[in-house]
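Q: One file: my_file-v3.txt (compact mmCIF, C-alpha atoms).
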```
# COMPACT_ATOMS: atom_id res chain seq x y z
CA MET R 1 82.62 68.30 94.51
CA ILE R 2 81.80 70.68 97.31
CA VAL R 3 80.70 67.79 99.45
CA LYS R 4 83.97 66.03 98.90
CA GLN R 5 85.98 69.11 99.76
CA ARG R 6 84.04 69.56 102.96
CA HIS R 7 84.71 65.98 103.89
CA ILE R 8 88.44 66.49 103.45
CA LEU R 9 88.30 69.67 105.48
CA ALA R 10 86.47 67.92 108.29
CA ALA R 11 89.06 65.17 108.34
CA ALA R 12 91.86 67.72 108.37
CA ALA R 13 90.14 69.58 111.16
CA VAL R 14 90.12 66.47 113.32
CA VAL R 15 93.80 65.86 112.64
CA ALA R 16 94.56 69.50 113.37
CA ALA R 17 92.46 69.42 116.52
CA ILE R 18 94.44 66.47 117.83
CA ALA R 19 97.74 68.04 116.82
CA CYS R 20 96.86 71.28 118.57
CA ALA R 21 95.15 69.88 121.63
CA THR R 22 98.13 70.28 123.88
CA ILE R 23 98.90 73.85 122.89
CA ALA R 24 95.35 75.06 122.40
CA ALA R 25 95.45 77.45 125.33
CA ALA R 26 98.34 79.38 123.83
CA ARG R 27 96.76 79.89 120.44
CA VAL R 28 93.64 81.88 121.14
CA ASP R 29 93.56 85.36 122.62
CA GLY R 30 90.04 85.58 123.94
CA VAL R 31 88.65 87.73 126.72
CA ILE R 32 85.35 86.97 128.43
CA LEU R 33 83.74 90.11 129.84
CA ASP R 34 83.05 90.01 133.55
CA ARG R 35 79.63 91.43 132.87
CA ALA R 36 78.09 91.05 129.42
CA ALA R 37 77.18 94.47 127.99
CA GLN R 38 73.90 95.03 126.11
CA VAL R 39 74.56 96.12 122.53
CA GLN R 40 72.80 99.46 122.06
CA GLY R 41 70.25 99.99 119.32
CA PHE R 42 71.25 100.49 115.71
CA THR R 43 69.48 100.19 112.37
CA LEU R 44 71.36 98.67 109.46
CA GLU R 45 70.59 96.43 106.51
CA ASP R 46 71.79 92.94 105.73
CA HIS R 47 73.22 92.00 102.34
CA SER R 48 69.75 91.14 101.03
CA GLY R 49 68.45 94.60 101.91
CA LYS R 50 66.47 93.45 104.95
CA PRO R 51 66.61 95.51 108.15
CA PHE R 52 69.23 94.39 110.62
CA THR R 53 69.01 95.84 114.13
CA ALA R 54 70.31 95.08 117.60
CA ASP R 55 67.26 92.82 117.99
CA SER R 56 68.53 90.73 115.05
CA LEU R 57 71.31 89.60 117.36
CA LYS R 58 68.92 87.96 119.80
CA GLY R 59 68.08 84.27 119.97
CA HIS R 60 71.47 82.95 118.84
CA TRP R 61 75.16 83.48 119.37
CA SER R 62 76.92 85.83 116.94
CA LEU R 63 80.51 86.38 115.87
CA ILE R 64 80.86 89.90 114.48
CA LEU R 65 83.84 91.43 112.74
CA ALA R 66 84.26 94.86 111.24
CA GLY R 67 85.79 95.20 107.80
CA PHE R 68 85.29 96.41 104.24
CA THR R 69 85.01 94.67 100.90
CA ASP R 70 88.10 96.28 99.33
CA CYS R 71 90.13 94.71 102.13
CA PRO R 72 92.12 92.00 100.33
CA ASP R 73 94.13 90.53 103.17
CA VAL R 74 93.01 90.67 106.78
CA CYS R 75 89.22 90.61 106.32
CA PRO R 76 89.14 87.56 104.03
CA PHE R 77 91.77 85.91 106.23
CA THR R 78 89.55 86.40 109.28
CA LEU R 79 86.37 85.32 107.48
CA ALA R 80 88.09 82.18 106.18
CA ASN R 81 89.24 81.45 109.72
CA LEU R 82 85.75 81.95 111.09
CA GLU R 83 84.37 79.55 108.47
CA GLN R 84 86.71 76.93 109.89
CA VAL R 85 85.96 77.91 113.47
CA VAL R 86 82.25 77.30 112.86
CA ALA R 87 83.00 73.99 111.10
CA GLU R 88 85.00 72.90 114.13
CA LEU R 89 82.35 74.12 116.53
CA GLY R 90 79.98 71.77 114.72
CA LEU R 91 81.98 68.94 116.24
CA ARG R 92 81.61 70.37 119.74
CA VAL R 93 78.20 72.00 120.18
CA ARG R 94 74.61 71.38 119.17
CA PRO R 95 73.60 72.82 115.79
CA ASP R 96 71.25 75.36 117.41
CA HIS R 97 74.16 76.75 119.39
CA LEU R 98 76.26 77.46 116.32
CA PRO R 99 76.90 81.20 116.01
CA ALA R 100 75.85 83.46 113.16
CA VAL R 101 78.87 85.07 111.50
CA ILE R 102 78.27 88.74 110.75
CA PHE R 103 80.55 90.97 108.67
CA LEU R 104 79.92 94.60 109.61
CA ALA R 105 81.00 96.52 106.50
CA VAL R 106 82.18 99.98 107.55
CA ASP R 107 82.73 101.54 104.11
CA PRO R 108 79.13 101.56 102.80
CA ASP R 109 79.67 103.55 99.60
CA ARG R 110 82.03 100.91 98.30
CA ASP R 111 80.65 97.94 100.20
CA ARG R 112 76.95 97.95 99.33
CA ALA R 113 77.26 96.72 95.74
CA ASN R 114 79.40 93.69 96.41
CA LEU R 115 78.66 92.88 100.04
CA LYS R 116 76.69 89.71 99.37
CA ASP R 117 79.21 88.23 96.93
CA TYR R 118 82.04 89.10 99.25
CA VAL R 119 80.53 87.49 102.32
CA VAL R 120 78.94 84.34 100.92
CA GLN R 121 82.15 83.27 99.22
CA PHE R 122 83.23 82.11 102.67
CA HIS R 123 79.96 80.47 103.70
CA PRO R 124 76.42 80.75 102.32
CA ASP R 125 75.09 81.51 105.81
CA PHE R 126 77.45 84.38 106.56
CA ILE R 127 75.68 87.73 106.82
CA GLY R 128 76.99 91.05 105.53
CA VAL R 129 75.58 94.13 107.24
CA THR R 130 76.00 97.81 106.41
CA GLY R 131 74.10 101.10 106.35
CA ALA R 132 74.49 104.77 107.16
CA ILE R 133 77.84 105.78 108.64
CA ASP R 134 76.38 107.00 111.94
CA GLU R 135 74.41 103.78 112.38
CA ILE R 136 77.52 101.75 111.60
CA ASP R 137 79.41 103.74 114.20
CA ARG R 138 76.65 103.11 116.75
CA ALA R 139 76.82 99.39 116.12
CA LEU R 140 80.61 99.51 116.40
CA LYS R 141 80.40 101.34 119.71
CA GLY R 142 78.10 98.68 121.12
CA LEU R 143 80.64 96.07 120.10
CA ASP R 144 83.52 98.02 121.65
CA ALA R 145 85.00 98.41 118.15
CA VAL R 146 86.13 101.28 115.94
CA ALA R 147 86.54 102.15 112.28
CA VAL R 148 88.72 105.01 111.07
CA ARG R 149 88.27 106.26 107.52
CA SER R 150 91.17 108.40 106.33
CA LYS R 151 90.62 111.61 104.37
CA PRO R 152 90.74 110.98 100.59
CA ASP R 153 94.01 111.93 98.89
CA ALA R 154 94.25 113.88 95.62
CA ARG R 155 93.30 110.81 93.60
CA GLY R 156 90.31 110.14 95.83
CA ASN R 157 91.94 107.12 97.44
CA TYR R 158 91.33 106.59 101.10
CA SER R 159 92.05 103.84 103.54
CA VAL R 160 89.98 102.26 106.25
CA SER R 161 91.35 100.96 109.53
CA HIS R 162 89.16 98.90 111.81
CA SER R 163 89.22 96.86 114.98
CA ALA R 164 90.97 93.54 114.59
CA ALA R 165 88.97 91.72 117.25
CA VAL R 166 85.92 89.53 116.67
CA ALA R 167 83.03 90.41 119.00
CA VAL R 168 81.08 87.53 120.54
CA VAL R 169 77.45 88.45 121.21
CA ASP R 170 75.25 86.16 123.32
CA PRO R 171 71.65 85.16 122.54
CA GLN R 172 70.40 88.02 124.76
CA GLY R 173 72.11 90.50 122.44
CA ARG R 174 74.92 91.28 124.86
CA LEU R 175 78.63 91.60 124.11
CA ALA R 176 79.98 88.59 126.01
CA ALA R 177 83.56 88.21 124.78
CA LYS R 178 86.16 89.43 122.34
CA ILE R 179 88.68 87.39 120.43
CA ASN R 180 91.87 88.95 119.12
CA PRO R 181 93.92 87.60 116.21
CA PRO R 182 95.19 85.10 115.32
CA PHE R 183 91.98 83.12 115.05
CA ASP R 184 93.49 79.65 114.78
CA PRO R 185 90.42 77.50 114.28
CA PRO R 186 90.84 74.63 116.79
CA PRO R 187 91.62 76.71 119.91
CA THR R 188 89.17 79.43 118.89
CA ALA R 189 86.42 76.81 118.56
CA GLU R 190 87.40 75.39 121.93
CA PHE R 191 87.27 78.84 123.53
CA LEU R 192 83.79 79.43 122.12
CA ALA R 193 82.50 75.96 123.02
CA ASP R 194 83.63 76.57 126.58
CA LEU R 195 81.95 79.99 126.66
CA PHE R 196 78.69 78.56 125.27
CA ARG R 197 78.72 75.71 127.81
CA ARG R 198 79.15 78.13 130.70
CA ARG R 199 76.08 80.03 129.61
CA VAL R 200 73.94 76.95 129.05
CA GLU R 201 74.91 75.36 132.35
CA PRO R 202 75.66 78.18 134.78
CA ARG R 203 78.02 77.08 137.49
CA MET L 1 115.14 65.85 70.97
CA ILE L 2 113.79 69.34 70.56
CA ARG L 3 114.04 69.81 74.26
CA THR L 4 117.72 68.88 74.29
CA ARG L 5 118.51 71.26 71.51
CA ARG L 6 116.72 74.12 73.24
CA ARG L 7 118.59 73.49 76.40
CA PHE L 8 121.83 73.53 74.48
CA LEU L 9 120.95 76.86 72.93
CA VAL L 10 120.04 78.32 76.28
CA THR L 11 123.28 77.09 77.75
CA ALA L 12 125.26 78.47 74.86
CA GLY L 13 123.48 81.78 75.31
CA ALA L 14 124.31 81.79 78.99
CA VAL L 15 127.97 81.16 78.26
CA VAL L 16 128.09 84.02 75.81
CA GLY L 17 126.28 86.21 78.31
CA ALA L 18 128.71 85.27 81.05
CA ALA L 19 131.65 86.04 78.82
CA MET L 20 130.19 89.44 78.07
CA SER L 21 129.76 90.42 81.67
CA ALA L 22 132.55 90.10 84.18
CA ALA L 23 130.30 90.00 87.21
CA VAL L 24 127.77 87.35 86.15
CA GLU L 25 127.42 84.40 88.51
CA LEU L 26 123.80 83.28 88.43
CA SER L 27 121.00 84.67 86.31
CA ALA L 28 118.51 86.92 88.02
CA ARG L 29 115.99 84.10 87.92
CA GLU L 30 118.31 81.79 89.82
CA ARG L 31 119.33 84.35 92.38
CA VAL L 32 115.90 85.60 93.37
CA SER L 33 112.76 83.60 92.79
CA ALA L 34 109.16 83.42 93.96
CA GLU L 35 107.81 80.10 95.17
CA ASN L 36 104.35 78.76 96.03
CA ALA L 37 102.68 81.89 94.70
CA TRP L 38 98.89 81.99 94.95
CA VAL L 39 96.00 84.38 94.66
CA PRO L 40 92.90 83.70 96.76
CA TRP L 41 89.86 83.36 94.54
CA ALA L 42 87.43 86.28 94.91
CA PRO L 43 83.99 86.90 93.40
CA PRO L 44 83.94 88.96 90.17
CA THR L 45 82.59 92.06 91.93
CA VAL L 46 85.59 92.30 94.23
CA GLU L 47 88.06 94.83 92.83
CA VAL L 48 91.03 94.28 95.10
CA HIS L 49 92.83 90.95 95.42
CA ALA L 50 95.91 89.73 97.26
CA ALA L 51 98.84 87.55 96.23
CA TYR L 52 100.99 85.49 98.56
CA MET L 53 104.34 83.77 97.96
CA THR L 54 107.77 83.11 99.32
CA ILE L 55 110.62 85.17 97.88
CA VAL L 56 113.90 83.28 97.96
CA ASN L 57 117.26 85.02 97.57
CA ARG L 58 119.96 82.46 96.81
CA SER L 59 122.66 85.02 96.19
CA ASN L 60 125.24 86.45 98.54
CA GLU L 61 123.89 89.94 98.03
CA ASP L 62 121.02 91.59 99.85
CA GLN L 63 118.16 92.35 97.50
CA SER L 64 115.03 94.47 97.71
CA LEU L 65 111.72 94.32 95.93
CA VAL L 66 110.76 97.84 94.96
CA SER L 67 107.68 97.39 92.77
CA ALA L 68 105.41 94.92 91.05
CA GLU L 69 103.12 94.84 88.06
CA SER L 70 100.78 92.42 86.36
CA PRO L 71 99.26 92.35 82.88
CA ASP L 72 96.11 91.04 84.60
CA TYR L 73 95.61 94.04 86.92
CA GLN L 74 95.63 97.80 86.62
CA ARG L 75 98.06 98.21 89.50
CA VAL L 76 100.03 96.13 92.00
CA GLU L 77 101.33 97.43 95.32
CA LEU L 78 103.50 96.02 98.07
CA HIS L 79 101.58 96.05 101.32
CA SER L 80 101.82 95.05 104.91
CA SER L 81 98.99 94.41 107.34
CA SER L 82 99.51 94.84 111.03
CA VAL L 83 97.55 95.28 114.23
CA LYS L 84 98.28 98.42 116.22
CA ASN L 85 96.40 99.04 119.47
CA GLY L 86 93.81 96.49 118.45
CA VAL L 87 93.21 98.11 115.06
CA ASN L 88 94.02 96.52 111.70
CA GLU L 89 96.10 98.75 109.53
CA MET L 90 97.35 98.26 106.01
CA ARG L 91 100.15 100.33 104.62
CA GLY L 92 101.96 100.51 101.32
CA LEU L 93 105.67 99.70 101.33
CA GLU L 94 108.36 101.38 99.23
CA ARG L 95 110.53 98.28 99.37
CA VAL L 96 110.73 94.83 100.89
CA ALA L 97 114.21 93.67 101.81
CA VAL L 98 115.18 90.10 100.97
CA PRO L 99 118.54 89.51 102.70
CA ALA L 100 121.30 87.40 101.13
CA ASN L 101 120.69 83.65 101.31
CA ASN L 102 117.37 84.21 102.95
CA ARG L 103 113.67 84.16 102.26
CA VAL L 104 110.72 86.43 102.95
CA THR L 105 107.21 85.07 103.16
CA PHE L 106 104.17 86.98 101.96
CA GLU L 107 101.25 85.43 103.82
CA PRO L 108 97.75 86.29 105.03
CA GLY L 109 97.76 88.87 107.80
CA GLY L 110 101.25 90.15 106.97
CA LEU L 111 103.13 91.04 103.81
CA HIS L 112 101.08 90.76 100.65
CA LEU L 113 100.87 92.06 97.13
CA MET L 114 97.73 94.07 96.62
CA LEU L 115 96.32 93.47 93.14
CA ILE L 116 94.07 96.34 92.15
CA GLY L 117 91.56 96.42 89.29
CA PRO L 118 91.36 92.92 87.79
CA LYS L 119 91.06 93.12 84.01
CA ARG L 120 88.89 89.99 83.87
CA PRO L 121 87.32 87.53 86.28
CA ARG L 122 89.51 84.74 87.51
CA ALA L 123 88.54 81.12 87.98
CA VAL L 124 90.04 78.67 90.40
CA GLY L 125 93.06 77.06 88.74
CA ASP L 126 93.87 80.09 86.55
CA ARG L 127 97.36 81.54 86.60
CA VAL L 128 98.09 85.20 87.33
CA ARG L 129 101.31 86.59 85.93
CA ILE L 130 103.11 89.07 88.15
CA VAL L 131 106.49 90.69 87.58
CA LEU L 132 108.36 91.83 90.67
CA ARG L 133 111.10 94.40 90.22
CA LEU L 134 114.33 94.37 92.21
CA GLN L 135 116.16 97.54 93.22
CA ASN L 136 118.67 97.03 90.39
CA GLY L 137 115.81 96.88 87.88
CA GLU L 138 115.94 93.12 87.35
CA PRO L 139 112.56 91.41 87.02
CA VAL L 140 111.41 88.37 88.96
CA GLU L 141 108.72 86.45 87.11
CA VAL L 142 105.87 85.04 89.18
CA SER L 143 103.12 82.67 88.10
CA ALA L 144 100.51 82.59 90.87
CA ILE L 145 97.73 80.02 90.93
CA VAL L 146 94.20 81.09 91.83
CA ARG L 147 92.72 78.92 94.55
CA ARG L 148 90.17 79.06 97.31
CA ARG L 149 91.37 80.11 100.70
CA ASN L 150 89.63 77.26 102.41
CA ALA L 151 90.89 74.53 100.10
CA GLU L 152 94.18 74.40 101.90
CA SER L 153 94.41 76.32 105.08
CA PRO L 154 96.61 79.38 104.62
CA VAL L 155 95.90 80.04 108.25
CA GLY L 156 97.19 76.79 109.65
CA HIS L 157 100.69 77.88 110.66
CA ASP L 158 102.23 74.86 112.33
CA HIS L 159 99.50 72.37 111.47
CA HIS L 160 99.81 73.28 107.83
CA GLY L 161 100.91 69.80 106.87
CA ALA L 162 97.66 68.24 108.06
CA HIS L 163 95.65 69.94 105.34
CA GLN L 164 96.24 67.99 102.15
```
Would you kindly transcribe this structure into structure tokens?
A:
Amino acid sequence: MIVKQRHILAAAAVVAAIACATIAAARVDGVILDRAAQVQGFTLEDHSGKPFTADSLKGHWSLILAGFTDCPDVCPFTLANLEQVVAELGLRVRPDHLPAVIFLAVDPDRDRANLKDYVVQFHPDFIGVTGAIDEIDRALKGLDAVAVRSKPDARGNYSVSHSAAVAVVDPQGRLAAKINPPFDPPPTAEFLADLFRRRVEPR
Amino acid sequence: MIRTRRRFLVTAGAVVGAAMSAAVELSARERVSAENAWVPWAPPTVEVHAAYMTIVNRSNEDQSLVSAESPDYQRVELHSSSVKNGVNEMRGLERVAVPANNRVTFEPGGLHLMLIGPKRPRAVGDRVRIVLRLQNGEPVEVSAIVRRRNAESPVGHDHHGAHQ
């Protein structure tokens, strides 16, 4: 059943890729940094409870977004898009160049319990990461991102705002690019494939 | 046979209703309706869901949605997501205007209903009942289907039609 669905998705992706080929440039808002910036050290945990540090970003490309698990709209929307971006990248780059997708959960008190379920619903390889607030903020800073947690109201409700961009970290653990919404899969995959190619074959 | 009779009764009821009220043109259901309503499937541990749909106003009067509720959730709120200075923000809305002879689309990354506190887990293919309330107090019944986000791209915008 899952296999079949994937097959349909792949077929649709090809159709969509062809349909969008001519307008691809207009549909992705990506910025490649002139000079990739080393992500400073931080110590967090992944959704299985294993340590996750700045070193965990080395050896592969990463797509990192900030969010929280009570976020019903934008975070799942972005994660679903990234699932499709990676599927489309599979048509363009070698498997060992496919990026890890990392969801940096910025509301740890609420996020810890359901982080794994939340993240793997989009793809079994997606990684949820969270930890102490100050460590989260350090990781965010290294990714040129922010999270703002509002003061709780009388009922204890509070809201969380966070950067909309997806950070692209290179295999040396450096922030290499940022992608702003919308993350339409075909042009976003094309943007990333182009970025990866530049790094593999420096011009 | 039964079906015909029911229809007749409904029609008769509508005629009586129309006679009783000078201003009746179309029923509330015909004037304002929700189409293509869906709720993205979420794992059982996730406590906040979203619902998306298109609200169609076929009347010549401007309408507004002012609240929503669901027997399947503790609370439902009208929300809007937006990006301000590179930061995602979500805010609650007091009302959502649906102009005369127009439609308003609730879709990922924009307007959505926030469904808070599911009363039981939901499986793909289940229906979620939601009742929207117009400013004049009239209800708009919604039956939203639970489906996976990835099954049909909600993100596709203009290549939507390719995903079937």
Q: Counting only C-alpha atoms, what are the residues of chain R within 7 Å of chain L, and for each of them which pair of atoms is the nearest and at what distance in Å, to one decimal? Sort the table by chain and rising number, as CSV.
A:
```
residue,atom,partner,partner_atom,distance
R:Ala12,CA,L:His163,CA,5.3
R:Val15,CA,L:Ala162,CA,6.4
R:Ala16,CA,L:His159,CA,6.0
R:Asp70,CA,L:Val48,CA,5.5
R:Pro72,CA,L:His49,CA,5.1
R:Asp73,CA,L:Pro108,CA,5.9
R:Val74,CA,L:Gly109,CA,5.2
R:Phe77,CA,L:Pro108,CA,6.1
R:Ala80,CA,L:Asn150,CA,6.4
R:Asn81,CA,L:Val155,CA,7.0
R:Asn114,CA,L:Thr45,CA,5.7
R:Asp117,CA,L:Pro43,CA,6.1
R:Tyr118,CA,L:Pro43,CA,6.5
R:Ser161,CA,L:Glu89,CA,5.2
R:His162,CA,L:Val87,CA,5.3
R:Ser163,CA,L:Val87,CA,4.2
R:Ala164,CA,L:Val87,CA,5.1
R:Ala165,CA,L:Gly86,CA,6.9
R:Asp184,CA,L:Gly156,CA,6.9
```
Q: If we count only C-alpha atoms and set the cut-off at 6 Å, which residues sit around segment 103-108 of chain R, ignoring sequence neighbours fewer than 2 positions away in its own chain? Please answer as a list of chain:residue names.
A: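 Skipping anything fewer than 2 positions along the chain leaves R:Ile64, R:Leu65, R:Ala66, R:Gly67, R:Phe68, R:Arg110, R:Asp111, R:Arg112, R:Gly128, R:Val129, R:Thr130.
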Q: Looking at all atoms listed in the file, which of R:Phe42, R:Ile32, R:Leu63, R:Ile179 is the one that sits closest to Lys141 of chain R?
A: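 Closest to Lys141 of chain R, using all atoms listed in the file: R:Phe42.
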Q: At what distance in Å, to one decimal, does atom CA of Pro152 of chain R lie from atom CA of Tyr73 of chain L?
A: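 Answer for the atom CA of Tyr73 of chain L to atom CA of Pro152 of chain R separation: 22.3 Å.
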Q: So which residues fall inside 10 Å of (118.4, 84.9, 97.3) if we count only C-alpha atoms? Mind giving them as a CSV table (one decimal) with C-alpha atoms, in the frame of the given file?
A:
```
chain,number,residue,atom,x,y,z
L,28,ALA,CA,118.5,86.9,88.0
L,29,ARG,CA,116.0,84.1,87.9
L,30,GLU,CA,118.3,81.8,89.8
L,31,ARG,CA,119.3,84.4,92.4
L,32,VAL,CA,115.9,85.6,93.4
L,33,SER,CA,112.8,83.6,92.8
L,34,ALA,CA,109.2,83.4,94.0
L,55,ILE,CA,110.6,85.2,97.9
L,56,VAL,CA,113.9,83.3,98.0
L,57,ASN,CA,117.3,85.0,97.6
L,58,ARG,CA,120.0,82.5,96.8
L,59,SER,CA,122.7,85.0,96.2
L,60,ASN,CA,125.2,86.4,98.5
L,61,GLU,CA,123.9,89.9,98.0
L,62,ASP,CA,121.0,91.6,99.8
L,63,GLN,CA,118.2,92.4,97.5
L,98,VAL,CA,115.2,90.1,101.0
L,99,PRO,CA,118.5,89.5,102.7
L,100,ALA,CA,121.3,87.4,101.1
L,101,ASN,CA,120.7,83.6,101.3
L,102,ASN,CA,117.4,84.2,103.0
L,103,ARG,CA,113.7,84.2,102.3
L,104,VAL,CA,110.7,86.4,103.0
```
Q: Please indicate the distance in Å from atom CA of Pro181 of chain R to atom CA of Asp194 of chain R, rounded to one decimal place.
A: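 Between these atoms lies a distance of 18.3 Å.
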Q: With only C-alpha atoms counted, which protein, DNA or RNA residues have an atom no more than 12 Å from (70.9, 97.9, 122.3) in the file frame? Please answer as a list of chain:residue names.
A: R:Ala37, R:Gln38, R:Val39, R:Gln40, R:Gly41, R:Phe42, R:Thr43, R:Thr53, R:Ala54, R:Asp55, R:Ser56, R:Leu57, R:Lys58, R:Arg138, R:Ala139, R:Leu140, R:Lys141, R:Gly142, R:Leu143, R:Val169, R:Gln172, R:Gly173, R:Arg174, R:Leu175
Q: Give me, as an NGL selection string, all polymer residues having an atom no more than 8 Å from Arg149 of chain R, counting all atoms listed in the file and skipping those fewer than 6 positions away in the same chain.
A: :R and (158-161)
Q: Interatomic distance between atom CA of Ser70 of chain L and atom CA of Thr54 of chain L?
A: 17.4 Å
Q: With all atoms listed in the file as the basis for distance, which of L:Glu141, L:Glu77, L:Glu94, L:Asp126 is at the shortest distance from Trp38 of chain L?
A: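 Among the listed residues, the smallest separation from Trp38 of chain L belongs to L:Asp126.
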Q: Between L:Asn36, L:Val76, L:Leu132, L:Pro121, which has the minimum distance to Ile145 of chain L (counting only C-alpha atoms)?
A: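 Of L:Asn36, L:Val76, L:Leu132, L:Pro121, the one nearest Ile145 of chain L, counting only C-alpha atoms, is L:Asn36.
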